[in-house]
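K.L.:
Dropping in model-v2.cif, which is mmCIF, C-alpha atoms:
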```
data_coords
loop_
_atom_site.label_atom_id
_atom_site.label_comp_id
_atom_site.auth_asym_id
_atom_site.auth_seq_id
_atom_site.Cartn_x
_atom_site.Cartn_y
_atom_site.Cartn_z
CA MET A 30 6.86 -21.87 -14.48
CA SER A 31 3.61 -22.24 -16.34
CA GLY A 32 1.71 -19.69 -18.35
CA VAL A 33 -1.15 -19.88 -15.84
CA THR A 34 1.15 -18.76 -13.01
CA VAL A 35 2.42 -15.83 -15.05
CA THR A 36 -1.12 -14.83 -15.98
CA ILE A 37 -2.30 -14.96 -12.36
CA GLY A 38 0.75 -12.95 -11.31
CA LEU A 39 0.09 -10.28 -13.91
CA VAL A 40 -3.56 -10.08 -12.84
CA PHE A 41 -2.41 -9.42 -9.27
CA VAL A 42 -0.06 -6.69 -10.48
CA VAL A 43 -2.79 -5.02 -12.54
CA VAL A 44 -5.30 -5.17 -9.68
CA GLY A 45 -2.68 -3.77 -7.29
CA THR A 46 -1.99 -0.91 -9.67
CA VAL A 47 -5.70 -0.14 -9.94
CA VAL A 48 -6.05 -0.14 -6.14
CA MET A 49 -3.13 2.29 -5.80
CA THR A 50 -4.63 4.53 -8.48
CA ILE A 51 -7.95 4.60 -6.62
CA GLY A 52 -6.07 5.55 -3.44
CA THR A 53 -4.40 8.41 -5.28
CA LEU A 54 -7.77 9.63 -6.53
CA ALA A 55 -9.06 9.50 -2.95
CA LEU A 56 -6.18 11.75 -1.98
CA LEU A 57 -7.51 14.34 -4.38
CA ARG A 58 -11.18 13.78 -3.53
CA PHE A 59 -11.47 13.71 0.27
CA PRO A 60 -11.86 17.02 2.13
CA ASP A 61 -9.65 16.78 5.21
CA PRO A 62 -6.10 15.51 5.72
CA LEU A 63 -7.05 12.68 8.08
CA SER A 64 -9.48 11.04 5.67
CA ARG A 65 -7.00 11.53 2.83
CA LEU A 66 -4.26 9.93 4.87
CA HIS A 67 -6.47 7.01 5.88
CA ALA A 68 -7.58 6.26 2.32
CA LEU A 69 -4.11 6.63 0.87
CA THR A 70 -2.29 4.43 3.37
CA LYS A 71 -4.88 1.64 3.17
CA ALA A 72 -4.98 1.63 -0.62
CA ASP A 73 -1.22 1.84 -1.04
CA ASN A 74 -0.54 -0.99 1.42
CA LEU A 75 -3.10 -3.26 -0.23
CA GLY A 76 -2.01 -2.28 -3.74
CA LEU A 77 1.66 -2.84 -3.01
CA GLY A 78 0.85 -6.18 -1.39
CA LEU A 79 -1.01 -7.34 -4.49
CA CYS A 80 1.82 -6.15 -6.75
CA VAL A 81 4.40 -7.94 -4.61
CA LEU A 82 2.34 -11.13 -4.63
CA GLY A 83 2.00 -10.96 -8.41
CA LEU A 84 5.69 -10.26 -8.96
CA ALA A 85 6.63 -13.10 -6.60
CA LEU A 86 4.51 -15.46 -8.68
CA VAL A 87 6.08 -14.23 -11.91
CA ALA A 88 9.63 -14.44 -10.50
CA GLY A 89 9.15 -18.10 -9.69
CA GLU A 90 12.08 -18.25 -7.26
CA LEU A 91 11.56 -18.61 -3.54
CA ARG A 92 14.43 -16.27 -2.67
CA SER A 93 13.12 -13.46 -4.88
CA GLY A 94 9.63 -13.86 -3.48
CA LEU A 95 10.86 -13.75 0.10
CA LEU A 96 12.93 -10.64 -0.58
CA MET A 97 9.91 -8.91 -2.08
CA LEU A 98 7.79 -9.88 0.93
CA MET A 99 10.46 -8.50 3.27
CA ILE A 100 10.49 -5.21 1.36
CA TRP A 101 6.70 -5.07 1.61
CA ALA A 102 6.91 -5.64 5.39
CA VAL A 103 9.36 -2.74 5.74
CA VAL A 104 7.08 -0.50 3.67
CA LEU A 105 4.10 -1.49 5.86
CA LEU A 106 5.98 -0.49 9.00
CA ALA A 107 7.23 2.76 7.50
CA SER A 108 3.79 3.63 6.16
CA ALA A 109 2.09 3.07 9.49
CA THR A 110 4.72 5.08 11.34
CA SER A 111 4.70 8.00 8.94
CA ALA A 112 0.88 8.09 8.84
CA GLN A 113 0.79 8.20 12.64
CA LEU A 114 3.31 11.05 12.76
CA ILE A 115 1.51 13.05 10.08
CA ALA A 116 -1.85 12.60 11.83
CA ARG A 117 -0.38 13.55 15.19
CA GLY A 118 1.17 16.68 13.69
CA TYR A 119 -2.12 17.65 12.08
CA LEU A 120 -4.05 17.13 15.31
CA SER A 121 -1.56 19.17 17.32
CA ARG A 122 -1.95 22.06 14.88
CA MET A 123 -5.73 21.84 15.09
CA ASP A 124 -5.56 21.91 18.92
CA VAL A 125 -7.83 18.89 19.29
CA ARG A 126 -8.30 17.59 22.82
CA HIS A 127 -7.75 13.91 23.50
CA ASP A 128 -10.17 12.42 26.01
#
```
Could you spell out this file's structure in structure tokens?

P.N.:
Amino acid sequence: MSGVTVTIGLVFVVVGTVVMTIGTLALLRFPDPLSRLHALTKADNLGLGLCVLGLALVAGELRSGLLMLMIWAVVLLASATSAQLIARGYLSRMDVRHD
């Protein structure tokens, strides 16, 4: 593994961390739960993906990289499902009509 690969991997991890931090700030900034939820899930999925990509590059082993990608896929599915359930619960409390 070369120093260039490690450097690129660490850049991905740092950028992913920054994206997740921006998503957390959006959670505090946006006014309603649906916009908070949208910003947070998008930023966390992208940030985690960048971190996983960077860590897979740093690990240097195919097996470790594939395991990290599988974990990311599970988190993507869980994030989408939980966001849908939270949004549906919020909308049912607000008594919003679906056309």

K.L.:
Taking the file as shown, find all residues satisfying the PyMOL selection byres ((chain A and resi 96-102) around 12) and write them as a tab-separated table (two decimals) with C-alpha atoms, keeping the file's coordinate frame.

P.N.:
```tsv
chain	number	residue	atom	x	y	z
A	73	ASP	CA	-1.22	1.84	-1.04
A	74	ASN	CA	-0.54	-0.99	1.42
A	75	LEU	CA	-3.10	-3.26	-0.23
A	76	GLY	CA	-2.01	-2.28	-3.74
A	77	LEU	CA	1.66	-2.84	-3.01
A	78	GLY	CA	0.85	-6.18	-1.39
A	79	LEU	CA	-1.01	-7.34	-4.49
A	80	CYS	CA	1.82	-6.15	-6.75
A	81	VAL	CA	4.40	-7.94	-4.61
A	82	LEU	CA	2.34	-11.13	-4.63
A	83	GLY	CA	2.00	-10.96	-8.41
A	84	LEU	CA	5.69	-10.26	-8.96
A	85	ALA	CA	6.63	-13.10	-6.60
A	86	LEU	CA	4.51	-15.46	-8.68
A	87	VAL	CA	6.08	-14.23	-11.91
A	88	ALA	CA	9.63	-14.44	-10.50
A	89	GLY	CA	9.15	-18.10	-9.69
A	90	GLU	CA	12.08	-18.25	-7.26
A	91	LEU	CA	11.56	-18.61	-3.54
A	92	ARG	CA	14.43	-16.27	-2.67
A	93	SER	CA	13.12	-13.46	-4.88
A	94	GLY	CA	9.63	-13.86	-3.48
A	95	LEU	CA	10.86	-13.75	0.10
A	103	VAL	CA	9.36	-2.74	5.74
A	104	VAL	CA	7.08	-0.50	3.67
A	105	LEU	CA	4.10	-1.49	5.86
A	106	LEU	CA	5.98	-0.49	9.00
A	107	ALA	CA	7.23	2.76	7.50
A	108	SER	CA	3.79	3.63	6.16
A	109	ALA	CA	2.09	3.07	9.49
```

K.L.:
Write out as a list in words the residues lying within 12 Å of Ile51 (chain A), counting all atoms listed in the file and excluding same-chain residues fewer than 6 positions away.

P.N.:
Val44, Gly45, Leu57, Arg58, Phe59, Arg65, Ala68, Leu69, Thr70, Lys71, Ala72, Asp73, Leu75 and Gly76 of chain A

K.L.:
Print the selection's residues with C-alpha atoms to a file, as a short mmCIF file (atom, residue, chain, number, x, y, z; two decimals), in the coordinates of the input.

P.N.:
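Result file is result_13.cif:
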```cif
data_model
loop_
_atom_site.label_atom_id
_atom_site.label_comp_id
_atom_site.auth_asym_id
_atom_site.auth_seq_id
_atom_site.Cartn_x
_atom_site.Cartn_y
_atom_site.Cartn_z
CA VAL A 44 -5.30 -5.17 -9.68
CA GLY A 45 -2.68 -3.77 -7.29
CA LEU A 57 -7.51 14.34 -4.38
CA ARG A 58 -11.18 13.78 -3.53
CA PHE A 59 -11.47 13.71 0.27
CA ARG A 65 -7.00 11.53 2.83
CA ALA A 68 -7.58 6.26 2.32
CA LEU A 69 -4.11 6.63 0.87
CA THR A 70 -2.29 4.43 3.37
CA LYS A 71 -4.88 1.64 3.17
CA ALA A 72 -4.98 1.63 -0.62
CA ASP A 73 -1.22 1.84 -1.04
CA LEU A 75 -3.10 -3.26 -0.23
CA GLY A 76 -2.01 -2.28 -3.74
#
```

K.L.:
What is the distance, in Å and to one decimal place, between CA of Ser121 (chain A) and CA of Leu66 (chain A)?

P.N.:
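Distance between the two atoms: 15.7 Å.
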
K.L.:
Take every atom of region 65-72 of chain A listed in the file, pad by 5 Å on each side, and give me the axis-aligned box centre and edge lengths in Å, one decimal, as lines of an AutoDock Vina configuration file.

P.N.:
```
center_x = -4.9
center_y = 6.6
center_z = 2.6
size_x = 15.3
size_y = 19.9
size_z = 16.5
```

K.L.:
Rounded to one decimal place, report the CA of Leu63 (chain A)-CA of Val47 (chain A) distance in Å.

P.N.:
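One can read the CA of Leu63 (chain A) to CA of Val47 (chain A) distance as 22.2 Å.
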
K.L.:
One number please: CA of Gln113 (chain A) to CA of His67 (chain A), in Å, one decimal.

P.N.:
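Distance reported for this atom pair: 10.0 Å.
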
K.L.:
Could you check the closest approach to Asp61 (chain A) for each of A:Asp124, A:Tyr119, A:Thr110, A:Thr36 and tell me which residue wins, using all atoms listed in the file?

P.N.:
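Using all atoms listed in the file, the shortest distance to Asp61 (chain A) belongs to A:Tyr119.
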